[in-house]
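Peer 1: target_26.cif is the file, holding mmCIF, C-alpha atoms and all ligand atoms:
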```
data_coords
loop_
_atom_site.label_atom_id
_atom_site.label_comp_id
_atom_site.auth_asym_id
_atom_site.auth_seq_id
_atom_site.Cartn_x
_atom_site.Cartn_y
_atom_site.Cartn_z
CA MET A 1 -19.70 -30.52 2.71
CA SER A 2 -16.56 -28.80 4.02
CA ALA A 3 -16.81 -25.18 5.21
CA MET A 4 -16.20 -22.51 2.60
CA LYS A 5 -12.79 -20.86 2.86
CA VAL A 6 -12.74 -17.15 3.61
CA ALA A 7 -10.44 -14.46 2.20
CA LEU A 8 -10.34 -10.81 3.24
CA THR A 9 -9.11 -7.91 1.14
CA ILE A 10 -7.93 -4.71 2.82
CA ALA A 11 -7.69 -2.21 -0.04
CA GLY A 12 -9.09 0.80 -1.86
CA SER A 13 -12.30 1.02 -3.86
CA ASP A 14 -12.04 1.48 -7.63
CA SER A 15 -15.30 2.98 -8.90
CA CYS A 16 -14.80 1.48 -12.38
CA GLY A 17 -14.49 -2.02 -10.95
CA GLY A 18 -11.33 -3.27 -12.66
CA ALA A 19 -8.87 -2.89 -9.77
CA GLY A 20 -8.86 -2.51 -5.98
CA ILE A 21 -11.52 -4.05 -3.75
CA GLN A 22 -13.79 -4.78 -6.70
CA ALA A 23 -11.14 -6.81 -8.56
CA ASP A 24 -10.21 -8.65 -5.37
CA LEU A 25 -13.79 -9.69 -4.60
CA LYS A 26 -14.35 -10.84 -8.19
CA THR A 27 -11.14 -12.89 -7.99
CA PHE A 28 -12.20 -14.52 -4.72
CA ALA A 29 -15.60 -15.36 -6.21
CA ALA A 30 -14.06 -16.75 -9.40
CA LEU A 31 -11.69 -18.97 -7.39
CA GLY A 32 -14.41 -20.27 -5.09
CA VAL A 33 -13.54 -18.62 -1.77
CA TYR A 34 -15.88 -16.39 0.21
CA GLY A 35 -14.70 -12.77 -0.06
CA MET A 36 -14.90 -9.97 2.50
CA SER A 37 -13.56 -6.41 2.36
CA VAL A 38 -12.11 -3.69 4.57
CA ILE A 39 -12.08 -0.45 2.59
CA THR A 40 -9.14 1.90 3.24
CA ALA A 41 -9.87 4.61 0.69
CA VAL A 42 -12.36 5.48 -2.01
CA THR A 43 -11.12 6.48 -5.44
CA ALA A 44 -13.15 8.19 -8.14
CA GLN A 45 -11.74 6.72 -11.34
CA ASN A 46 -12.63 5.42 -14.76
CA THR A 47 -10.64 3.66 -17.46
CA THR A 48 -8.76 6.87 -18.28
CA GLY A 49 -7.45 7.56 -14.77
CA VAL A 50 -8.02 8.51 -11.14
CA VAL A 51 -9.90 11.77 -10.55
CA SER A 52 -9.77 11.91 -6.75
CA VAL A 53 -8.98 9.89 -3.64
CA ARG A 54 -10.49 10.02 -0.12
CA GLU A 55 -8.87 8.08 2.67
CA LEU A 56 -11.16 6.67 5.35
CA ASP A 57 -10.21 7.49 8.92
CA ALA A 58 -8.23 4.99 10.96
CA GLU A 59 -11.09 4.35 13.37
CA ILE A 60 -13.52 2.92 10.79
CA ILE A 61 -10.70 0.86 9.28
CA ARG A 62 -9.91 -0.57 12.71
CA ASP A 63 -13.60 -1.30 13.36
CA GLN A 64 -14.01 -3.08 10.02
CA ILE A 65 -11.03 -5.33 10.80
CA ASP A 66 -12.00 -5.99 14.42
CA CYS A 67 -15.62 -6.89 13.81
CA LEU A 68 -14.69 -9.41 11.10
CA PHE A 69 -11.94 -11.14 13.08
CA LYS A 70 -14.13 -11.30 16.22
CA ASP A 71 -16.84 -13.16 14.33
CA ILE A 72 -15.37 -15.08 11.41
CA LYS A 73 -12.43 -17.42 10.83
CA ILE A 74 -10.37 -15.78 8.10
CA ASP A 75 -8.14 -18.09 6.06
CA ALA A 76 -6.10 -15.46 4.18
CA VAL A 77 -5.72 -11.69 3.91
CA LYS A 78 -4.69 -9.60 0.92
CA ILE A 79 -3.51 -6.02 1.52
CA GLY A 80 -3.57 -3.60 -1.42
CA MET A 81 -3.88 0.20 -1.48
CA VAL A 82 -3.12 1.51 2.03
CA SER A 83 -2.68 5.21 1.22
CA SER A 84 -1.07 6.58 4.43
CA ALA A 85 1.21 5.75 7.36
CA GLU A 86 -1.69 6.09 9.79
CA ILE A 87 -3.72 3.49 7.88
CA ILE A 88 -0.69 1.19 7.61
CA ASP A 89 -0.14 1.38 11.37
CA VAL A 90 -3.72 0.49 12.27
CA ILE A 91 -3.76 -2.42 9.79
CA GLY A 92 -0.46 -3.79 11.12
CA GLU A 93 -1.46 -3.43 14.74
CA ARG A 94 -4.88 -5.06 14.36
CA LEU A 95 -3.67 -7.93 12.14
CA ARG A 96 -1.00 -8.74 14.73
CA ALA A 97 -3.56 -8.54 17.54
CA HIS A 98 -5.81 -11.00 15.71
CA ARG A 99 -2.88 -13.25 14.71
CA ALA A 100 -3.97 -13.08 11.08
CA ARG A 101 -2.51 -15.85 8.89
CA HIS A 102 -1.54 -16.07 5.23
CA ILE A 103 -1.10 -12.35 4.59
CA VAL A 104 -0.30 -11.26 1.01
CA VAL A 105 0.96 -7.67 0.66
CA ASP A 106 0.79 -5.98 -2.73
CA PRO A 107 2.90 -2.84 -2.10
CA VAL A 108 0.76 -0.65 -4.35
CA MET A 109 2.35 2.77 -4.90
CA VAL A 110 1.28 4.41 -8.16
CA SER A 111 -1.51 3.48 -10.60
CA LYS A 112 -0.69 2.79 -14.25
CA SER A 113 -2.32 6.14 -14.98
CA GLY A 114 0.22 7.85 -12.65
CA CYS A 115 -1.85 8.57 -9.52
CA HIS A 116 -0.24 8.08 -6.09
CA LEU A 117 -2.21 5.40 -4.22
CA LEU A 118 0.29 5.50 -1.34
CA ARG A 119 1.69 8.81 -0.11
CA PRO A 120 5.37 8.74 -1.13
CA GLU A 121 6.38 9.73 2.41
CA SER A 122 4.61 6.60 3.76
CA ARG A 123 6.55 4.08 1.65
CA GLU A 124 9.03 3.30 4.42
CA GLU A 125 6.21 2.69 6.89
CA LEU A 126 4.63 0.14 4.54
CA VAL A 127 7.90 -1.81 4.37
CA LYS A 128 8.60 -1.54 8.10
CA VAL A 129 5.12 -2.47 9.36
CA LEU A 130 3.61 -4.77 6.75
CA PHE A 131 6.55 -6.76 5.30
CA PRO A 132 7.38 -8.54 8.59
CA ILE A 133 3.81 -9.90 8.84
CA ALA A 134 3.59 -10.86 5.16
CA GLU A 135 3.77 -14.45 3.96
CA VAL A 136 4.09 -13.13 0.39
CA VAL A 137 4.86 -9.67 -1.03
CA THR A 138 4.30 -8.95 -4.73
CA PRO A 139 6.18 -5.81 -5.89
CA ASN A 140 6.31 -4.93 -9.56
CA LEU A 141 9.61 -3.67 -11.01
CA PHE A 142 8.90 -0.05 -10.11
CA GLU A 143 7.97 -0.91 -6.51
CA ALA A 144 10.92 -3.29 -6.11
CA GLY A 145 13.17 -0.50 -7.40
CA VAL A 146 11.78 2.03 -4.93
CA ILE A 147 12.06 -0.41 -2.01
CA THR A 148 15.65 -1.48 -2.76
CA GLY A 149 17.01 1.66 -4.41
CA MET A 150 18.06 -0.54 -7.35
CA LYS A 151 17.65 -0.09 -11.07
CA ILE A 152 16.08 -3.38 -12.19
CA GLU A 153 16.36 -4.26 -15.85
CA ASN A 154 16.98 -8.00 -16.06
CA LEU A 155 16.39 -11.33 -14.36
CA SER A 156 19.53 -11.34 -12.23
CA GLN A 157 18.71 -7.86 -10.88
CA MET A 158 15.18 -9.10 -10.12
CA GLU A 159 16.72 -11.95 -8.10
CA GLU A 160 18.98 -9.56 -6.21
CA ALA A 161 16.01 -7.30 -5.44
CA ALA A 162 14.02 -10.32 -4.19
CA VAL A 163 16.85 -11.21 -1.78
CA ARG A 164 17.01 -7.66 -0.44
CA ILE A 165 13.23 -7.50 0.02
CA HIS A 166 13.31 -10.87 1.81
CA GLU A 167 15.86 -9.35 4.20
CA LEU A 168 13.27 -6.66 5.05
CA GLY A 169 11.07 -9.33 6.62
CA ALA A 170 8.79 -10.79 3.93
CA LYS A 171 8.89 -14.60 4.02
CA ASN A 172 8.35 -14.98 0.28
CA VAL A 173 8.89 -12.40 -2.44
CA VAL A 174 7.45 -12.33 -5.95
CA VAL A 175 9.12 -9.68 -8.13
CA LYS A 176 6.81 -9.28 -11.12
CA GLY A 177 8.57 -8.85 -14.44
CA GLY A 178 5.53 -7.94 -16.51
CA HIS A 179 7.01 -4.56 -17.37
CA LEU A 180 10.21 -6.01 -18.88
CA THR A 181 10.25 -6.56 -22.62
CA GLY A 182 10.05 -10.13 -23.94
CA GLU A 183 8.75 -13.04 -21.91
CA ALA A 184 6.64 -12.17 -18.81
CA VAL A 185 8.84 -13.77 -16.11
CA ASP A 186 8.25 -13.34 -12.37
CA VAL A 187 10.82 -14.33 -9.74
CA LEU A 188 9.69 -16.11 -6.56
CA TYR A 189 12.21 -16.23 -3.70
CA ASP A 190 11.52 -18.05 -0.44
CA GLY A 191 14.76 -17.23 1.36
CA GLU A 192 16.56 -20.25 -0.10
CA CYS A 193 15.63 -20.86 -3.72
CA PHE A 194 14.53 -18.88 -6.75
CA ARG A 195 11.74 -20.01 -9.02
CA HIS A 196 11.10 -18.42 -12.37
CA LEU A 197 7.44 -18.21 -13.28
CA ARG A 198 7.15 -17.87 -17.01
CA GLY A 199 4.00 -16.67 -18.70
CA ARG A 200 2.93 -16.03 -22.27
CA ARG A 201 3.18 -12.33 -23.10
CA ILE A 202 -0.22 -11.12 -24.25
CA GLU A 203 -0.38 -8.02 -26.38
CA THR A 204 -3.23 -5.91 -25.01
CA LYS A 205 -3.69 -2.45 -23.60
CA ASN A 206 -6.44 -3.71 -21.30
CA THR A 207 -4.48 -4.50 -18.13
CA HIS A 208 -6.24 -2.41 -15.51
CA GLY A 209 -6.09 -4.14 -12.12
CA THR A 210 -3.72 -6.98 -13.06
CA GLY A 211 -1.56 -6.50 -9.93
CA CYS A 212 -4.62 -6.47 -7.66
CA THR A 213 -6.00 -9.60 -9.31
CA PHE A 214 -2.71 -11.52 -9.11
CA SER A 215 -2.18 -10.82 -5.39
CA SER A 216 -5.79 -11.61 -4.47
CA ALA A 217 -5.53 -14.88 -6.45
CA ILE A 218 -2.48 -15.83 -4.37
CA ALA A 219 -4.50 -15.09 -1.21
CA ALA A 220 -7.43 -17.18 -2.50
CA TYR A 221 -5.18 -20.19 -3.18
CA LEU A 222 -3.48 -19.81 0.22
CA ALA A 223 -6.94 -19.68 1.86
CA ASP A 224 -7.70 -22.91 0.03
CA GLY A 225 -4.71 -24.58 1.67
CA HIS A 226 -2.10 -24.56 -1.08
CA PRO A 227 1.58 -24.03 -0.18
CA VAL A 228 3.06 -20.70 -1.28
CA SER A 229 4.87 -21.95 -4.40
CA GLU A 230 1.74 -23.71 -5.67
CA ALA A 231 -0.50 -20.71 -4.79
CA VAL A 232 1.80 -18.39 -6.74
CA ARG A 233 2.02 -20.79 -9.70
CA ARG A 234 -1.77 -21.13 -9.90
CA ALA A 235 -2.29 -17.36 -9.45
CA LYS A 236 0.10 -16.71 -12.35
CA GLU A 237 -1.89 -19.10 -14.53
CA TYR A 238 -5.16 -17.43 -13.47
CA ILE A 239 -3.98 -13.86 -14.17
CA THR A 240 -2.51 -14.91 -17.53
CA GLY A 241 -5.93 -16.28 -18.55
CA ALA A 242 -7.71 -13.20 -17.21
CA ILE A 243 -5.43 -10.95 -19.30
CA GLU A 244 -5.99 -13.17 -22.35
CA HIS A 245 -9.71 -12.51 -21.92
CA SER A 246 -9.35 -8.80 -21.13
CA PHE A 247 -11.66 -6.48 -22.99
CA SER A 248 -12.25 -2.87 -24.01
CA LEU A 249 -14.41 -0.78 -21.73
CA GLY A 250 -14.70 2.98 -21.83
CA ARG A 251 -12.10 5.09 -23.60
CA GLY A 252 -9.00 4.04 -21.70
CA VAL A 253 -7.38 0.93 -20.21
CA GLY A 254 -9.96 -1.84 -19.96
CA PRO A 255 -10.16 -4.59 -17.31
CA THR A 256 -9.35 -8.29 -17.33
CA ASP A 257 -12.11 -10.90 -17.27
CA HIS A 258 -12.14 -12.55 -13.84
CA PHE A 259 -14.69 -15.19 -14.84
CA TYR A 260 -13.26 -16.46 -18.14
N1 LIG A 301 -7.23 1.74 -8.00
C1 LIG A 301 -7.10 1.06 -6.87
C2 LIG A 301 -8.06 1.29 -5.77
C3 LIG A 301 -6.05 0.14 -6.76
O1 LIG A 301 -5.88 -0.55 -5.62
C4 LIG A 301 -5.13 -0.04 -7.82
C5 LIG A 301 -4.03 -0.97 -7.75
O2 LIG A 301 -3.69 -1.53 -6.77
C6 LIG A 301 -5.31 0.71 -8.96
C7 LIG A 301 -6.36 1.58 -9.02
C8 LIG A 301 -4.34 0.64 -10.08
O3 LIG A 301 -4.72 -0.14 -11.09
P1 LIG A 301 -3.83 -0.17 -12.40
O4 LIG A 301 -2.52 0.42 -12.08
O5 LIG A 301 -3.76 -1.63 -12.73
O6 LIG A 301 -4.60 0.59 -13.43
#
```
Turn this file's structure into structure tokens for me.

Peer 2:
Amino acid sequence: MSAMKVALTIAGSDSCGGAGIQADLKTFAALGVYGMSVITAVTAQNTTGVVSVRELDAEIIRDQIDCLFKDIKIDAVKIGMVSSAEIIDVIGERLRAHRARHIVVDPVMVSKSGCHLLRPESREELVKVLFPIAEVVTPNLFEAGVITGMKIENLSQMEEAAVRIHELGAKNVVVKGGHLTGEAVDVLYDGECFRHLRGRRIETKNTHGTGCTFSSAIAAYLADGHPVSEAVRRAKEYITGAIEHSFSLGRGVGPTDHFY
């Protein structure tokens, strides 16, 4: 039997389990890779929103990363909520030191419920430190707009944003179009070609953690040895199915089903 592939998520904890570390680990399990976690921050949240956030200090984040890389071969890394410039710097420095491969960066900024998961003053640091080590970055329209300063309202503007984000150092860029009306089209740009990833639009309010799940699915497929375009295509299929099977939980925005 071949060795199990290993994926690591570096992200924040979501106490209600639909996003963050919890969504990432469920995704890894559903896609058959062994999941590990480095927690950057703890959020107190439920389906109606985030109540409070506590960042962990840089030292324990560094120690979590170091002890895993010293012991275990890690096939892919997903980075989600990073919260502050100090946390971004320690993640970037340690991942470079360990020559981490197949890094997927989801530039998480604000939750759907409107809570800042990255201090606005740390946005530039995220781009400067983490994009150059990323094999794939997965901004949504809001994040792509913040990063490029563009107003993005159609497919050709998504392509232009992808080119600009590629110029900031990310090898591959997926601009997610889920927030546009009509078909749910994402744009993948590898520095040479565009690919349009079309998905069925599913009418549901239960979309908590979809961005986390999509980016960790890309990391899982990269860990499994797929090339980027195939990993992104499969991840899109997986998240579409997970949204199709999303369900109501609590009084607010419910989660997707990772194990459909
Ligand atoms: N909580 C944590 C810890 C997250 O990392 C994220 C997204 O990355 C969210 C919440 C936001 O989830 P959503 O905006 O899908 O509700």

Peer 1: Counting all atoms listed in the file, give me one row per residue of chain A with an atom at most 6 Å from an atom of ligand LIG 301 (chain A), showing the shortest contact pair and its distance in Å to one decimal, sorted by chain then residue number, as JSON lines.

Peer 2:
```
{"residue": "A:Gly12", "atom": "CA", "partner": "A:LIG301", "partner_atom": "C2", "distance": 4.1}
{"residue": "A:Ser13", "atom": "CA", "partner": "A:LIG301", "partner_atom": "C2", "distance": 4.7}
{"residue": "A:Asp14", "atom": "CA", "partner": "A:LIG301", "partner_atom": "C2", "distance": 4.4}
{"residue": "A:Ala19", "atom": "CA", "partner": "A:LIG301", "partner_atom": "C4", "distance": 5.1}
{"residue": "A:Gly20", "atom": "CA", "partner": "A:LIG301", "partner_atom": "O1", "distance": 3.6}
{"residue": "A:Gly80", "atom": "CA", "partner": "A:LIG301", "partner_atom": "O1", "distance": 5.7}
{"residue": "A:Met81", "atom": "CA", "partner": "A:LIG301", "partner_atom": "O1", "distance": 4.7}
{"residue": "A:Val108", "atom": "CA", "partner": "A:LIG301", "partner_atom": "O2", "distance": 5.1}
{"residue": "A:Ser111", "atom": "CA", "partner": "A:LIG301", "partner_atom": "O4", "distance": 3.5}
{"residue": "A:Lys112", "atom": "CA", "partner": "A:LIG301", "partner_atom": "O4", "distance": 3.7}
{"residue": "A:His208", "atom": "CA", "partner": "A:LIG301", "partner_atom": "O5", "distance": 3.8}
{"residue": "A:Gly209", "atom": "CA", "partner": "A:LIG301", "partner_atom": "O5", "distance": 3.5}
{"residue": "A:Thr210", "atom": "CA", "partner": "A:LIG301", "partner_atom": "O5", "distance": 5.4}
{"residue": "A:Cys212", "atom": "CA", "partner": "A:LIG301", "partner_atom": "O2", "distance": 5.1}
```

Peer 1: Can you pull out the residues contacting region 188-191 of chain A? Cut-off 12 Å, using only C-alpha atoms, and skip same-chain residues under 5 positions away; I want them as a PyMOL selection string.

Peer 2: chain A and resi 135-139+155+158-177+196-198+227-233+236

Peer 1: Report the distance between CA of Leu130 (chain A) and CA of Ile10 (chain A) in Å, rounded to one decimal place.

Peer 2: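 Separating CA of Leu130 (chain A) from CA of Ile10 (chain A) is a distance of 12.2 Å.
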
Peer 1: Nearest residue to His98 (chain A) out of A:Ile147, A:Cys67, A:Ile202, A:Ala41, using all atoms listed in the file?

Peer 2: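 Result for the nearest residue to His98 (chain A): A:Cys67.
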
Peer 1: Distance CA of Val53 (chain A)-CA of Met109 (chain A), one decimal place?

Peer 2: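 About the pair CA of Val53 (chain A) and CA of Met109 (chain A): they are 13.4 Å apart.
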
Peer 1: Which residues are near Ser52 (chain A)? Cut-off 10 Å, all atoms listed in the file, ignore same chain within fewer than 2 positions. Put them as an MDAnalysis selection string.

Peer 2: chainID A and resid 42:45 49:50 54 115

Peer 1: Go through A:Ser248, A:Glu93, A:Leu68, A:Tyr221 and flag the residue nearest Val129 (chain A), using all atoms listed in the file for the distances.

Peer 2: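 Of all the options, A:Glu93 lies closest to Val129 (chain A).
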
Peer 1: Considering all atoms listed in the file, can you say which of A:Cys16, A:Val6, A:Ile243, A:Ile133 comes closest to Phe28 (chain A)?

Peer 2: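 The answer is A:Val6, which sits nearest to Phe28 (chain A).
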
Peer 1: From the options A:Val127, A:Met36, A:Ala29, A:Ile91, which residue's atoms come nearest to His258 (chain A), counting only C-alpha atoms?

Peer 2: A:Ala29

Peer 1: Between CA of Glu59 (chain A) and CA of Ala7 (chain A), measure the distance and give it in Å to one decimal.

Peer 2: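 Spanning CA of Glu59 (chain A) to CA of Ala7 (chain A) is a straight-line distance of 21.9 Å.
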
Peer 1: Restricting the calculation to all atoms listed in the file: of A:Val51, A:Ala3, A:Ala184, A:Ile218, which residue gets closest to Gly114 (chain A)?

Peer 2: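 Of A:Val51, A:Ala3, A:Ala184, A:Ile218, the one nearest Gly114 (chain A) is A:Val51, counting all atoms listed in the file.
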
Peer 1: Counting all atoms listed in the file, which residue out of A:Gln64, A:Thr27, A:Thr48, A:Thr148 sits closest to Val90 (chain A)?

Peer 2: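 Looking only at the distances to Val90 (chain A), the closest residue turns out to be A:Gln64.
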
Peer 1: Is it possible to get the residues within 10 Å of (-5.5, -6.6, 4.7) (coordinates as in the file, counting all atoms listed in the file) written as a compact mmCIF listing (two decimals) with C-alpha atoms, keeping the file's coordinate frame?

Peer 2:
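The file below, out-v3.txt, is the result:
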```
# COMPACT_ATOMS: atom_id res chain seq x y z
CA ALA A 7 -10.44 -14.46 2.20
CA LEU A 8 -10.34 -10.81 3.24
CA THR A 9 -9.11 -7.91 1.14
CA ILE A 10 -7.93 -4.71 2.82
CA ALA A 11 -7.69 -2.21 -0.04
CA SER A 37 -13.56 -6.41 2.36
CA VAL A 38 -12.11 -3.69 4.57
CA ILE A 39 -12.08 -0.45 2.59
CA THR A 40 -9.14 1.90 3.24
CA ILE A 65 -11.03 -5.33 10.80
CA ALA A 76 -6.10 -15.46 4.18
CA VAL A 77 -5.72 -11.69 3.91
CA LYS A 78 -4.69 -9.60 0.92
CA ILE A 79 -3.51 -6.02 1.52
CA GLY A 80 -3.57 -3.60 -1.42
CA MET A 81 -3.88 0.20 -1.48
CA VAL A 82 -3.12 1.51 2.03
CA ILE A 88 -0.69 1.19 7.61
CA ILE A 91 -3.76 -2.42 9.79
CA GLY A 92 -0.46 -3.79 11.12
CA ARG A 94 -4.88 -5.06 14.36
CA LEU A 95 -3.67 -7.93 12.14
CA ALA A 100 -3.97 -13.08 11.08
CA ILE A 103 -1.10 -12.35 4.59
CA VAL A 104 -0.30 -11.26 1.01
CA VAL A 105 0.96 -7.67 0.66
CA ASP A 106 0.79 -5.98 -2.73
CA LEU A 130 3.61 -4.77 6.75
```

Peer 1: The centre and edge lengths of an axis-aligned box containing all atoms of region 29-35 of chain A present in the file, extended by 3 Å on each side, are to be given in Å to one decimal, as JSON.

Peer 2:
```
{"center_x": -13.8, "center_y": -16.5, "center_z": -4.6, "size_x": 10.2, "size_y": 13.5, "size_z": 15.6}
```

Peer 1: Fewer than 3 positions away in the same chain doesn't count, so skip those; otherwise give me all residues within 6 Å of Ser216 (chain A), counting all atoms listed in the file, as a ChimeraX atom specification.

Peer 2: /A:24,78,213,219
